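The file entry_6.pdb comes next; it holds PDB, C-alpha atoms and all ligand atoms.
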MODEL        1
ATOM      1  CA  MET A   1       0.000   0.000   0.000  1.00  0.00           C
ATOM      2  CA  LEU A   2       1.188   3.461  -0.831  1.00  0.00           C
ATOM      3  CA  PRO A   3       2.170   6.023   1.757  1.00  0.00           C
ATOM      4  CA  VAL A   4      -0.552   8.583   2.270  1.00  0.00           C
ATOM      5  CA  ALA A   5       0.025  11.642   0.131  1.00  0.00           C
ATOM      6  CA  SER A   6      -0.934  14.947   1.694  1.00  0.00           C
ATOM      7  CA  PRO A   7      -4.390  16.086   0.528  1.00  0.00           C
ATOM      8  CA  LYS A   8      -2.806  18.882  -1.482  1.00  0.00           C
ATOM      9  CA  GLN A   9      -0.285  16.549  -3.106  1.00  0.00           C
ATOM     10  CA  LEU A  10      -3.093  14.154  -3.924  1.00  0.00           C
ATOM     11  CA  ALA A  11      -5.062  16.906  -5.672  1.00  0.00           C
ATOM     12  CA  VAL A  12      -1.951  17.839  -7.678  1.00  0.00           C
ATOM     13  CA  ASP A  13      -1.364  14.180  -8.565  1.00  0.00           C
ATOM     14  CA  ILE A  14      -4.929  13.793  -9.742  1.00  0.00           C
ATOM     15  CA  CYS A  15      -4.410  16.759 -12.076  1.00  0.00           C
ATOM     16  CA  THR A  16      -1.162  15.230 -13.351  1.00  0.00           C
ATOM     17  CA  LEU A  17      -2.886  11.945 -14.164  1.00  0.00           C
ATOM     18  CA  ALA A  18      -5.977  13.548 -15.661  1.00  0.00           C
ATOM     19  CA  ASN A  19      -3.803  15.777 -17.861  1.00  0.00           C
ATOM     20  CA  LEU A  20      -1.925  12.850 -19.322  1.00  0.00           C
ATOM     21  CA  ARG A  21      -4.801  12.385 -21.716  1.00  0.00           C
ATOM     22  CA  THR A  22      -4.603  15.880 -23.122  1.00  0.00           C
ATOM     23  CA  ASP A  23      -0.878  16.271 -22.704  1.00  0.00           C
ATOM     24  CA  LEU A  24       1.377  13.589 -24.123  1.00  0.00           C
ATOM     25  CA  SER A  25       0.592  10.226 -25.620  1.00  0.00           C
ATOM     26  CA  VAL A  26       1.897   7.076 -23.989  1.00  0.00           C
ATOM     27  CA  GLY A  27       4.321   6.742 -26.916  1.00  0.00           C
ATOM     28  CA  ASP A  28       5.692  10.207 -26.148  1.00  0.00           C
ATOM     29  CA  LEU A  29       6.509   9.082 -22.630  1.00  0.00           C
ATOM     30  CA  VAL A  30       8.567   6.187 -23.944  1.00  0.00           C
ATOM     31  CA  GLU A  31      10.215   8.166 -26.719  1.00  0.00           C
ATOM     32  CA  PRO A  32       9.746  11.848 -25.965  1.00  0.00           C
ATOM     33  CA  PRO A  33      10.338  14.480 -28.625  1.00  0.00           C
ATOM     34  CA  ARG A  34      13.783  16.037 -28.078  1.00  0.00           C
ATOM     35  CA  SER A  35      12.385  19.400 -26.992  1.00  0.00           C
ATOM     36  CA  GLU A  36      10.216  17.693 -24.370  1.00  0.00           C
ATOM     37  CA  ARG A  37      12.784  15.326 -22.944  1.00  0.00           C
ATOM     38  CA  ALA A  38      13.532  17.123 -19.667  1.00  0.00           C
ATOM     39  CA  ARG A  39       9.885  17.751 -18.915  1.00  0.00           C
ATOM     40  CA  VAL A  40       8.905  14.166 -19.746  1.00  0.00           C
ATOM     41  CA  ARG A  41      11.648  12.806 -17.526  1.00  0.00           C
ATOM     42  CA  ARG A  42      10.285  14.854 -14.634  1.00  0.00           C
ATOM     43  CA  LEU A  43       6.783  13.680 -15.420  1.00  0.00           C
ATOM     44  CA  VAL A  44       7.784  10.013 -15.487  1.00  0.00           C
ATOM     45  CA  ARG A  45       9.534  10.437 -12.135  1.00  0.00           C
ATOM     46  CA  ARG A  46       6.361  12.005 -10.772  1.00  0.00           C
ATOM     47  CA  LEU A  47       4.189   9.201 -12.147  1.00  0.00           C
ATOM     48  CA  PHE A  48       6.434   6.695 -10.444  1.00  0.00           C
ATOM     49  CA  GLU A  49       6.030   8.549  -7.171  1.00  0.00           C
ATOM     50  CA  ILE A  50       2.265   8.530  -7.540  1.00  0.00           C
ATOM     51  CA  THR A  51       1.785   4.773  -7.911  1.00  0.00           C
ATOM     52  CA  ARG A  52       5.292   3.282  -7.664  1.00  0.00           C
ATOM     53  CA  ASP A  53       4.702   1.950 -11.160  1.00  0.00           C
ATOM     54  CA  VAL A  54       4.591   4.082 -14.306  1.00  0.00           C
ATOM     55  CA  ASP A  55       2.477   1.557 -16.206  1.00  0.00           C
ATOM     56  CA  ILE A  56      -0.162   1.595 -13.497  1.00  0.00           C
ATOM     57  CA  ALA A  57      -0.083   5.397 -13.453  1.00  0.00           C
ATOM     58  CA  LEU A  58      -0.689   5.412 -17.215  1.00  0.00           C
ATOM     59  CA  GLY A  59      -3.404   2.797 -16.821  1.00  0.00           C
ATOM     60  CA  CYS A  60      -5.155   4.919 -14.160  1.00  0.00           C
ATOM     61  CA  ALA A  61      -5.031   8.118 -16.167  1.00  0.00           C
ATOM     62  CA  PRO A  62      -8.131   7.717 -18.385  1.00  0.00           C
ATOM     63  CA  LEU A  63     -10.286   6.788 -15.413  1.00  0.00           C
ATOM     64  CA  VAL A  64      -8.941   9.580 -13.197  1.00  0.00           C
ATOM     65  CA  SER A  65      -9.613  11.990 -16.044  1.00  0.00           C
ATOM     66  CA  ARG A  66     -13.184  10.738 -16.347  1.00  0.00           C
ATOM     67  CA  PHE A  67     -13.711  10.974 -12.585  1.00  0.00           C
ATOM     68  CA  VAL A  68     -12.396  14.489 -12.255  1.00  0.00           C
ATOM     69  CA  SER A  69     -14.030  15.983 -15.360  1.00  0.00           C
ATOM     70  CA  THR A  70     -17.478  14.706 -14.347  1.00  0.00           C
ATOM     71  CA  TRP A  71     -16.836  15.750 -10.742  1.00  0.00           C
ATOM     72  CA  LEU A  72     -16.250  19.323 -11.905  1.00  0.00           C
ATOM     73  CA  VAL A  73     -19.365  19.240 -14.078  1.00  0.00           C
ATOM     74  CA  ALA A  74     -21.335  18.218 -10.972  1.00  0.00           C
ATOM     75  CA  GLY A  75     -20.004  21.280  -9.128  1.00  0.00           C
ATOM     76  CA  CYS A  76     -17.808  19.053  -6.905  1.00  0.00           C
ATOM     77  CA  CYS A  77     -20.871  17.620  -5.215  1.00  0.00           C
ATOM     78  CA  ALA A  78     -21.544  13.897  -4.835  1.00  0.00           C
ATOM     79  CA  GLY A  79     -25.291  14.404  -5.094  1.00  0.00           C
ATOM     80  CA  GLY A  80     -25.257  15.466  -8.724  1.00  0.00           C
ATOM     81  CA  TRP A  81     -22.281  13.416  -9.827  1.00  0.00           C
ATOM     82  CA  GLU A  82     -23.143  11.317 -12.868  1.00  0.00           C
ATOM     83  CA  LEU A  83     -20.756   8.530 -11.803  1.00  0.00           C
ATOM     84  CA  LYS A  84     -22.093   8.315  -8.253  1.00  0.00           C
ATOM     85  CA  GLU A  85     -24.000   5.066  -8.758  1.00  0.00           C
ATOM     86  CA  GLU A  86     -21.302   3.432 -10.825  1.00  0.00           C
ATOM     87  CA  PHE A  87     -18.725   4.400  -8.197  1.00  0.00           C
ATOM     88  CA  GLU A  88     -20.873   3.104  -5.335  1.00  0.00           C
ATOM     89  CA  ALA A  89     -21.607  -0.160  -7.138  1.00  0.00           C
ATOM     90  CA  TYR A  90     -17.907  -0.699  -7.736  1.00  0.00           C
ATOM     91  CA  LEU A  91     -17.045  -0.053  -4.088  1.00  0.00           C
ATOM     92  CA  ALA A  92     -19.848  -2.323  -2.921  1.00  0.00           C
ATOM     93  CA  GLN A  93     -18.135  -5.239  -4.640  1.00  0.00           C
ATOM     94  CA  ARG A  94     -14.915  -4.647  -2.740  1.00  0.00           C
ATOM     95  CA  ASP A  95     -14.365  -5.512   0.898  1.00  0.00           C
ATOM     96  CA  PRO A  96     -13.506  -2.368   2.797  1.00  0.00           C
ATOM     97  CA  VAL A  97     -10.640  -2.557   5.255  1.00  0.00           C
ATOM     98  CA  LEU A  98     -10.147  -0.062   8.035  1.00  0.00           C
ATOM     99  CA  TYR A  99      -6.549   0.523   8.825  1.00  0.00           C
ATOM    100  CA  SER A 100      -4.235   2.974  10.519  1.00  0.00           C
ATOM    101  CA  VAL A 101      -0.574   3.685  10.560  1.00  0.00           C
ATOM    102  CA  PRO A 102       0.802   5.265  13.744  1.00  0.00           C
ATOM    103  CA  ARG A 103       0.274   9.025  14.012  1.00  0.00           C
ATOM    104  CA  GLU A 104      -1.893   9.228  10.884  1.00  0.00           C
ATOM    105  CA  PRO A 105      -5.664   9.339  10.481  1.00  0.00           C
ATOM    106  CA  ALA A 106      -7.363   6.010   9.907  1.00  0.00           C
ATOM    107  CA  ARG A 107      -8.297   5.137   6.337  1.00  0.00           C
ATOM    108  CA  ILE A 108     -10.753   2.872   4.679  1.00  0.00           C
ATOM    109  CA  ASP A 109      -9.103   1.009   1.881  1.00  0.00           C
ATOM    110  CA  PHE A 110     -10.197  -1.403  -0.818  1.00  0.00           C
ATOM    111  CA  PHE A 111      -8.344  -4.098  -2.586  1.00  0.00           C
ATOM    112  CA  PRO A 112      -8.483  -5.215  -6.185  1.00  0.00           C
ATOM    113  CA  GLN A 113     -10.777  -8.083  -6.970  1.00  0.00           C
ATOM    114  CA  PHE A 114      -9.074 -11.302  -7.810  1.00  0.00           C
ATOM    115  CA  GLN A 115      -9.844 -13.086 -10.999  1.00  0.00           C
ATOM    116  CA  ARG A 116     -12.601 -15.650 -10.808  1.00  0.00           C
ATOM    117  CA  GLU A 117     -10.281 -18.588 -11.329  1.00  0.00           C
ATOM    118  CA  GLU A 118      -8.609 -17.287  -8.198  1.00  0.00           C
ATOM    119  CA  ILE A 119      -7.511 -20.540  -6.688  1.00  0.00           C
ATOM    120  CA  ILE A 120      -6.127 -23.207  -8.927  1.00  0.00           C
ATOM    121  CA  ILE A 121      -5.133 -25.869  -6.472  1.00  0.00           C
ATOM    122  CA  GLY A 122      -2.568 -24.200  -4.376  1.00  0.00           C
ATOM    123  CA  GLN A 123      -1.970 -21.343  -6.772  1.00  0.00           C
ATOM    124  CA  VAL A 124      -3.410 -17.889  -6.251  1.00  0.00           C
ATOM    125  CA  MET A 125      -3.964 -15.762  -9.342  1.00  0.00           C
ATOM    126  CA  GLY A 126      -3.507 -12.026  -9.011  1.00  0.00           C
ATOM    127  CA  PRO A 127      -5.960  -9.380 -10.142  1.00  0.00           C
ATOM    128  CA  THR A 128      -5.844  -8.260 -13.768  1.00  0.00           C
ATOM    129  CA  PHE A 129      -3.857  -5.185 -14.707  1.00  0.00           C
ATOM    130  CA  ASP A 130      -7.071  -3.277 -15.521  1.00  0.00           C
ATOM    131  CA  GLU A 131      -8.434  -4.108 -12.101  1.00  0.00           C
ATOM    132  CA  VAL A 132      -5.274  -2.894 -10.385  1.00  0.00           C
ATOM    133  CA  CYS A 133      -5.496   0.400 -12.302  1.00  0.00           C
ATOM    134  CA  ARG A 134      -9.164   0.749 -11.515  1.00  0.00           C
ATOM    135  CA  ILE A 135      -8.698   0.243  -7.792  1.00  0.00           C
ATOM    136  CA  GLU A 136      -5.768   2.701  -7.730  1.00  0.00           C
ATOM    137  CA  ALA A 137      -7.819   5.348  -9.526  1.00  0.00           C
ATOM    138  CA  THR A 138     -10.824   4.703  -7.276  1.00  0.00           C
ATOM    139  CA  ARG A 139      -8.751   4.804  -4.105  1.00  0.00           C
ATOM    140  CA  MET A 140      -7.077   8.078  -5.052  1.00  0.00           C
ATOM    141  CA  PHE A 141     -10.275   9.728  -6.132  1.00  0.00           C
ATOM    142  CA  LEU A 142     -12.215   8.589  -3.079  1.00  0.00           C
ATOM    143  CA  THR A 143      -9.546  10.010  -0.770  1.00  0.00           C
ATOM    144  CA  PHE A 144      -9.500  13.242  -2.764  1.00  0.00           C
ATOM    145  CA  ILE A 145     -13.255  13.888  -2.670  1.00  0.00           C
ATOM    146  CA  GLN A 146     -13.312  13.233   1.067  1.00  0.00           C
ATOM    147  CA  SER A 147     -10.500  15.701   1.699  1.00  0.00           C
ATOM    148  CA  ALA A 148     -10.685  19.447   2.246  1.00  0.00           C
ATOM    149  CA  GLU A 149      -9.240  19.926  -1.256  1.00  0.00           C
ATOM    150  CA  PHE A 150     -12.307  18.361  -2.892  1.00  0.00           C
ATOM    151  CA  ARG A 151     -13.061  21.451  -4.947  1.00  0.00           C
ATOM    152  CA  LYS A 152      -9.641  22.980  -5.403  1.00  0.00           C
ATOM    153  CA  ILE A 153      -9.297  21.630  -8.915  1.00  0.00           C
ATOM    154  CA  GLY A 154     -10.240  23.566 -12.020  1.00  0.00           C
ATOM    155  CA  ARG A 155     -10.256  22.951 -15.735  1.00  0.00           C
ATOM    156  CA  CYS A 156      -8.700  25.546 -18.029  1.00  0.00           C
ATOM    157  CA  LYS A 157     -11.275  27.220 -20.218  1.00  0.00           C
ATOM    158  CA  ARG A 158      -8.752  27.580 -23.007  1.00  0.00           C
ATOM    159  CA  CYS A 159      -6.675  24.371 -23.164  1.00  0.00           C
ATOM    160  CA  GLY A 160      -8.793  21.953 -21.113  1.00  0.00           C
ATOM    161  CA  ARG A 161      -5.972  21.012 -18.746  1.00  0.00           C
ATOM    162  CA  PHE A 162      -6.766  20.394 -15.096  1.00  0.00           C
ATOM    163  CA  PHE A 163      -5.034  22.528 -12.504  1.00  0.00           C
ATOM    164  CA  TYR A 164      -4.764  22.664  -8.752  1.00  0.00           C
ATOM    165  CA  ASN A 165      -6.248  25.909  -7.601  1.00  0.00           C
ATOM    166  CA  ALA A 166      -4.536  26.808  -4.361  1.00  0.00           C
ATOM    167  CA  SER A 167      -5.695  30.403  -4.423  1.00  0.00           C
ATOM    168  CA  ARG A 168      -8.772  31.507  -2.601  1.00  0.00           C
ATOM    169  CA  ARG A 169     -10.081  33.107  -5.749  1.00  0.00           C
ATOM    170  CA  LYS A 170     -12.831  30.751  -6.685  1.00  0.00           C
ATOM    171  CA  LYS A 171     -13.203  32.055 -10.209  1.00  0.00           C
ATOM    172  CA  ARG A 172      -9.821  31.155 -11.632  1.00  0.00           C
ATOM    173  CA  VAL A 173     -10.554  29.796 -15.106  1.00  0.00           C
ATOM    174  CA  TYR A 174      -7.156  29.448 -16.817  1.00  0.00           C
ATOM    175  CA  CYS A 175      -4.420  26.977 -15.919  1.00  0.00           C
ATOM    176  CA  THR A 176      -1.442  29.308 -16.290  1.00  0.00           C
ATOM    177  CA  GLY A 177      -0.480  32.905 -17.002  1.00  0.00           C
ATOM    178  CA  PRO A 178       0.343  32.181 -20.661  1.00  0.00           C
ATOM    179  CA  CYS A 179      -3.084  30.565 -21.161  1.00  0.00           C
ATOM    180  CA  ALA A 180      -4.828  33.510 -19.511  1.00  0.00           C
ATOM    181  CA  ARG A 181      -2.887  36.005 -21.646  1.00  0.00           C
ATOM    182  CA  ALA A 182      -3.542  34.048 -24.862  1.00  0.00           C
ATOM    183  CA  ALA A 183      -7.248  33.907 -24.044  1.00  0.00           C
ATOM    184  CA  GLU A 184      -7.300  37.648 -23.313  1.00  0.00           C
ATOM    185  CA  ALA A 185      -5.499  38.376 -26.583  1.00  0.00           C
ATOM    186  CA  ALA A 186      -8.012  36.236 -28.481  1.00  0.00           C
ATOM    187  CA  LYS A 187     -10.877  38.109 -26.813  1.00  0.00           C
ATOM    188  CA  ALA A 188      -9.323  41.482 -27.650  1.00  0.00           C
ATOM    189  CA  HIS A 189      -8.862  40.377 -31.257  1.00  0.00           C
ATOM    190  CA  GLN A 190     -12.515  39.315 -31.460  1.00  0.00           C
ATOM    191  CA  ARG A 191     -13.628  42.606 -29.963  1.00  0.00           C
ATOM    192  CA  LYS A 192     -11.557  44.523 -32.498  1.00  0.00           C
ATOM    193  CA  ARG A 193     -12.932  42.406 -35.355  1.00  0.00           C
ATOM    194  CA  ARG A 194     -16.488  43.082 -34.145  1.00  0.00           C
ATOM    195  CA  GLU A 195     -15.845  46.832 -34.027  1.00  0.00           C
ATOM    196  CA  GLU A 196     -14.363  46.800 -37.529  1.00  0.00           C
ATOM    197  CA  HIS A 197     -17.329  44.847 -38.780  1.00  0.00           C
ATOM    198  CA  GLN A 198     -19.742  47.360 -37.251  1.00  0.00           C
ATOM    199  CA  SER A 199     -17.961  50.277 -38.851  1.00  0.00           C
ATOM    200  CA  GLU A 200     -17.924  48.498 -42.230  1.00  0.00           C
ATOM    201  CA  LEU A 201     -21.654  47.922 -41.898  1.00  0.00           C
ATOM    202  CA  ALA A 202     -22.187  51.580 -41.055  1.00  0.00           C
ATOM    203  CA  GLU A 203     -20.204  52.689 -44.133  1.00  0.00           C
ATOM    204  CA  THR A 204     -22.184  50.297 -46.321  1.00  0.00           C
ATOM    205  CA  ALA A 205     -25.529  51.458 -44.906  1.00  0.00           C
ATOM    206  CA  LYS A 206     -24.500  55.042 -45.686  1.00  0.00           C
ATOM    207  CA  ALA A 207     -23.697  54.032 -49.269  1.00  0.00           C
ATOM    208  CA  VAL A 208     -27.100  52.311 -49.581  1.00  0.00           C
ATOM    209  CA  LYS A 209     -28.818  55.541 -48.512  1.00  0.00           C
ATOM    210  CA  LYS A 210     -26.811  57.407 -51.082  1.00  0.00           C
ATOM    211  CA  TYR A 211     -27.841  54.900 -53.735  1.00  0.00           C
ATOM    212  CA  GLU A 212     -31.506  55.372 -52.816  1.00  0.00           C
ATOM    213  CA  SER A 213     -31.212  59.118 -53.241  1.00  0.00           C
ATOM    214  CA  LEU A 214     -29.895  58.823 -56.793  1.00  0.00           C
ATOM    215  CA  SER A 215     -32.139  60.045 -59.579  1.00  0.00           C
ATOM    216  CA  PRO A 216     -33.974  57.378 -61.636  1.00  0.00           C
ATOM    217  CA  GLU A 217     -31.747  58.263 -64.599  1.00  0.00           C
ATOM    218  CA  ARG A 218     -28.576  57.618 -62.626  1.00  0.00           C
ATOM    219  CA  LYS A 219     -29.987  54.364 -61.271  1.00  0.00           C
ATOM    220  CA  SER A 220     -30.932  53.151 -64.728  1.00  0.00           C
ATOM    221  CA  GLY A 221     -27.259  53.384 -65.665  1.00  0.00           C
ATOM    222  CA  ILE A 222     -26.243  51.103 -62.772  1.00  0.00           C
ATOM    223  CA  ARG A 223     -26.395  47.393 -63.621  1.00  0.00           C
ATOM    224  CA  ASN A 224     -25.605  46.020 -60.188  1.00  0.00           C
ATOM    225  CA  TRP A 225     -26.467  47.993 -57.055  1.00  0.00           C
ATOM    226  CA  LYS A 226     -24.136  45.904 -54.871  1.00  0.00           C
ATOM    227  CA  GLN A 227     -21.177  46.766 -57.038  1.00  0.00           C
ATOM    228  CA  TRP A 228     -22.085  50.428 -56.904  1.00  0.00           C
ATOM    229  CA  VAL A 229     -22.550  50.396 -53.109  1.00  0.00           C
ATOM    230  CA  ALA A 230     -19.312  48.452 -52.613  1.00  0.00           C
ATOM    231  CA  GLY A 231     -17.410  50.982 -54.732  1.00  0.00           C
ATOM    232  CA  GLU A 232     -18.934  53.796 -52.733  1.00  0.00           C
ATOM    233  CA  ALA A 233     -18.412  52.270 -49.255  1.00  0.00           C
ATOM    234  CA  GLY A 234     -14.660  51.751 -49.486  1.00  0.00           C
ATOM    235  CA  PRO A 235     -11.981  49.318 -50.627  1.00  0.00           C
ATOM    236  CA  GLU A 236     -12.593  46.779 -47.846  1.00  0.00           C
ATOM    237  CA  ILE A 237     -16.254  46.300 -48.822  1.00  0.00           C
ATOM    238  CA  THR A 238     -16.970  43.600 -51.403  1.00  0.00           C
ATOM    239  CA  THR A 239     -20.217  42.494 -53.030  1.00  0.00           C
ATOM    240  CA  ASN A 240     -19.892  39.235 -51.064  1.00  0.00           C
ATOM    241  CA  PHE A 241     -19.739  41.228 -47.845  1.00  0.00           C
ATOM    242  CA  ILE A 242     -22.951  43.001 -48.843  1.00  0.00           C
ATOM    243  CA  THR A 243     -24.707  39.729 -49.762  1.00  0.00           C
ATOM    244  CA  ARG A 244     -23.748  38.162 -46.437  1.00  0.00           C
ATOM    245  CA  ALA A 245     -24.777  41.240 -44.459  1.00  0.00           C
ATOM    246  CA  VAL A 246     -28.184  41.315 -46.196  1.00  0.00           C
ATOM    247  CA  ASN A 247     -28.721  37.573 -45.663  1.00  0.00           C
ATOM    248  CA  ARG A 248     -27.902  37.905 -41.972  1.00  0.00           C
ATOM    249  CA  GLY A 249     -30.262  40.813 -41.592  1.00  0.00           C
ATOM    250  CA  GLU A 250     -27.429  43.186 -40.689  1.00  0.00           C
ATOM    251  CA  LEU A 251     -27.987  45.411 -43.693  1.00  0.00           C
ATOM    252  CA  ARG A 252     -31.136  46.654 -45.382  1.00  0.00           C
ATOM    253  CA  PRO A 253     -30.969  46.539 -49.191  1.00  0.00           C
ATOM    254  CA  PRO A 254     -32.098  49.647 -51.116  1.00  0.00           C
ATOM    255  CA  ARG A 255     -35.870  50.039 -51.061  1.00  0.00           C
ATOM    256  CA  ASP A 256     -36.358  49.421 -54.762  1.00  0.00           C
ATOM    257  CA  GLN A 257     -34.133  46.314 -54.634  1.00  0.00           C
ATOM    258  CA  SER A 258     -35.600  44.333 -51.762  1.00  0.00           C
TER
HETATM  259 ZN    ZN A 301      -4.696  26.375 -20.119  1.00  0.00          ZN
ENDMDL
END

Encoding of this model in structure tokens:
Amino acid sequence: MLPVASPKQLAVDICTLANLRTDLSVGDLVEPPRSERARVRRLVRRLFEITRDVDIALGCAPLVSRFVSTWLVAGCCAGGWELKEEFEAYLAQRDPVLYSVPREPARIDFFPQFQREEIIIGQVMGPTFDEVCRIEATRMFLTFIQSAEFRKIGRCKRCGRFFYNASRRKKRVYCTGPCARAAEAAKAHQRKRREEHQSELAETAKAVKKYESLSPERKSGIRNWKQWVAGEAGPEITTNFITRAVNRGELRPPRDQS
């Protein structure tokens, strides 16, 4: 059995495991890209510390990721957690064991289920690898949701990575500074694009008004009103822009053309 990680360390470890799915592939861990080598080495060391076995850590990762993402969706509350029944049913099949080590709080633990052909005359079969991973993931997650850190995990709105949120600010939405800055830059770009679009629409609407005020003789010389309006509104306005704006209801076509 593993030594008890501190609640905070456990929350960090859960993020590490859950992020493996969005971070690097298993192949990358075996043969990391050159630029990633140092980071991957640190990660592998960390994975070993989490379960004492990198393969088990990798095997746990998809399940931990599923646990934690649904847990966040449920607002970190067991009542609304979509995996509650599945989790309970799984635990119900395992025999709980209460145990203590000196000077540490008591824990309830569960052991993997042995294969059905458990005893073959004098020989005891071990649990399957999947079962070992499942019990590790379950054990970690159960300890986490019973700890005071149960809601100190977030999921980055930009990159989807999980992060430990030590700060008291409940509303942290990005995993890191670079992610927050990139998201802000993207928002600023969108805002600027929207403003440009509005001013292009305004120029075009002005040109439409001008078209409407033309004398019938002038109008009769114009084959395509969109071309005329585009020419009038400025170099960035195209007939396609006008068609799209009319179709979206952002621009009113000239009265005699609608
Ligand atoms: Zn992020």

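Nearest residue to ligand ZN 301 (chain A) among A:Arg181, A:Arg218, A:Lys210, A:Arg244 is A:Arg181, counting all atoms listed in the file.
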
- Task: Enumerate as an NGL selection string the residues within 8 Å of ligand ZN 301 (chain A), counting only C-alpha atoms and all ligand atoms.
- Result: :A and (155-161 or 174-176 or 178-180)

Residues of region 150-238 of chain A that have any atom at most 10 Å from an atom of region 56-78 of chain A: could you tabulate them with the shortest-distance atom pair and the distance in Å to one decimal, using only C-alpha atoms, ordered by chain and increasing number, as a Markdown table?
| residue | atom | partner | partner_atom | distance |
| --- | --- | --- | --- | --- |
| A:Phe150 | CA | A:Cys76 | CA | 6.8 |
| A:Arg151 | CA | A:Cys76 | CA | 5.7 |
| A:Lys152 | CA | A:Cys76 | CA | 9.2 |
| A:Ile153 | CA | A:Leu72 | CA | 7.9 |
| A:Gly154 | CA | A:Leu72 | CA | 7.4 |
| A:Arg155 | CA | A:Ser69 | CA | 7.9 |
| A:Gly160 | CA | A:Ser69 | CA | 9.8 |
| A:Phe162 | CA | A:Ser69 | CA | 8.5 |

- Write out as a PyMOL selection string each polymer residue whose atoms come within 12 Å of Ala202 (chain A), counting only C-alpha atoms; drop sequence neighbours fewer than 4 positions from it. chain A and resi 195-198+206-209+233-234+237+242+245+250-252

- Message: Please report the interatomic distance between CA of Leu10 (chain A) and CA of Phe144 (chain A) in Å with one decimal.
- Response: 6.6 Å

- Message: Residue by residue, what does the PyMOL selection byres (((chain A and resi 225) around 10) and not hetatm) grab here? Present the result as a PyMOL selection string.
- Response: chain A and resi 208+211-212+219+222-224+226-231+239+253-254+257

- Query: Do you have the CA of Cys133 (chain A)-CA of Leu29 (chain A) distance handy?
  - Reply: 18.1 Å

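Distance check against Ala137 (chain A) using all atoms listed in the file: of A:Gly27, A:Pro96, A:Leu91, A:Glu203, the minimum falls on A:Leu91.
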
- Item | the PyMOL selection byres (((chain A and resi 147) around 12) and not hetatm) resolved against shown file, as a list in words | Ala5, Ser6, Pro7, Lys8, Gln9, Leu10, Ala11, Cys76, Pro105, Arg107, Met140, Phe141, Leu142, Thr143, Phe144, Ile145, Gln146, Ala148, Glu149, Phe150, Arg151 and Lys152 of chain A

- With distances taken over all atoms listed in the file, which of A:Asp53, A:Glu200, A:Glu82, A:Asp256 is nearest to Pro235 (chain A)? A:Glu200

- Task: Calculate how many Å separate CA of Val44 (chain A) from CA of Phe114 (chain A), rounding to one decimal.
- Result: 28.2 Å

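Across A:Val132, A:Leu43, A:Thr138, A:Asp28, the tightest approach to Ala89 (chain A) is made by A:Thr138 when counting only C-alpha atoms.
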
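If all atoms listed in the file are the atoms counted, then among A:Ala38, A:Leu47, A:Val101, A:Val30 the closest residue to Ile14 (chain A) is A:Leu47.
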
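Using all atoms listed in the file, the shortest contact distance between Asp13 (chain A) and any of A:Ala188, A:Ile50, A:Ala166, A:Ala106 is found at A:Ile50.
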
Provide region 147-158 of chain A of the preceding structure as a file containing N, CA and C atoms, as an mmCIF file, in the first residue's frame.
data_model
loop_
_atom_site.group_PDB
_atom_site.id
_atom_site.type_symbol
_atom_site.label_atom_id
_atom_site.label_comp_id
_atom_site.auth_asym_id
_atom_site.auth_seq_id
_atom_site.Cartn_x
_atom_site.Cartn_y
_atom_site.Cartn_z
ATOM 1 N N SER A 147 -11.447 14.785 1.055
ATOM 2 C CA SER A 147 -10.500 15.701 1.699
ATOM 3 C C SER A 147 -10.984 17.143 1.568
ATOM 4 N N ALA A 148 -10.306 18.029 2.289
ATOM 5 C CA ALA A 148 -10.685 19.447 2.246
ATOM 6 C C ALA A 148 -10.366 20.086 0.890
ATOM 7 N N GLU A 149 -9.622 19.374 0.053
ATOM 8 C CA GLU A 149 -9.240 19.926 -1.256
ATOM 9 C C GLU A 149 -10.272 19.581 -2.335
ATOM 10 N N PHE A 150 -11.377 18.984 -1.939
ATOM 11 C CA PHE A 150 -12.307 18.361 -2.892
ATOM 12 C C PHE A 150 -12.767 19.278 -4.030
ATOM 13 N N ARG A 151 -12.653 20.585 -3.832
ATOM 14 C CA ARG A 151 -13.061 21.451 -4.947
ATOM 15 C C ARG A 151 -11.963 22.423 -5.379
ATOM 16 N N LYS A 152 -10.739 22.084 -5.016
ATOM 17 C CA LYS A 152 -9.641 22.980 -5.403
ATOM 18 C C LYS A 152 -8.997 22.561 -6.723
ATOM 19 N N ILE A 153 -9.797 21.986 -7.590
ATOM 20 C CA ILE A 153 -9.297 21.630 -8.915
ATOM 21 C C ILE A 153 -10.149 22.389 -9.926
ATOM 22 N N GLY A 154 -9.499 22.879 -10.972
ATOM 23 C CA GLY A 154 -10.240 23.566 -12.020
ATOM 24 C C GLY A 154 -9.853 22.989 -13.368
ATOM 25 N N ARG A 155 -10.593 23.384 -14.382
ATOM 26 C CA ARG A 155 -10.256 22.951 -15.735
ATOM 27 C C ARG A 155 -10.140 24.190 -16.606
ATOM 28 N N CYS A 156 -8.992 24.333 -17.250
ATOM 29 C CA CYS A 156 -8.700 25.546 -18.029
ATOM 30 C C CYS A 156 -9.717 25.714 -19.152
ATOM 31 N N LYS A 157 -10.253 26.922 -19.216
ATOM 32 C CA LYS A 157 -11.275 27.220 -20.218
ATOM 33 C C LYS A 157 -10.676 27.248 -21.626
ATOM 34 N N ARG A 158 -9.367 27.475 -21.692
ATOM 35 C CA ARG A 158 -8.752 27.580 -23.007
ATOM 36 C C ARG A 158 -8.208 26.239 -23.489
#
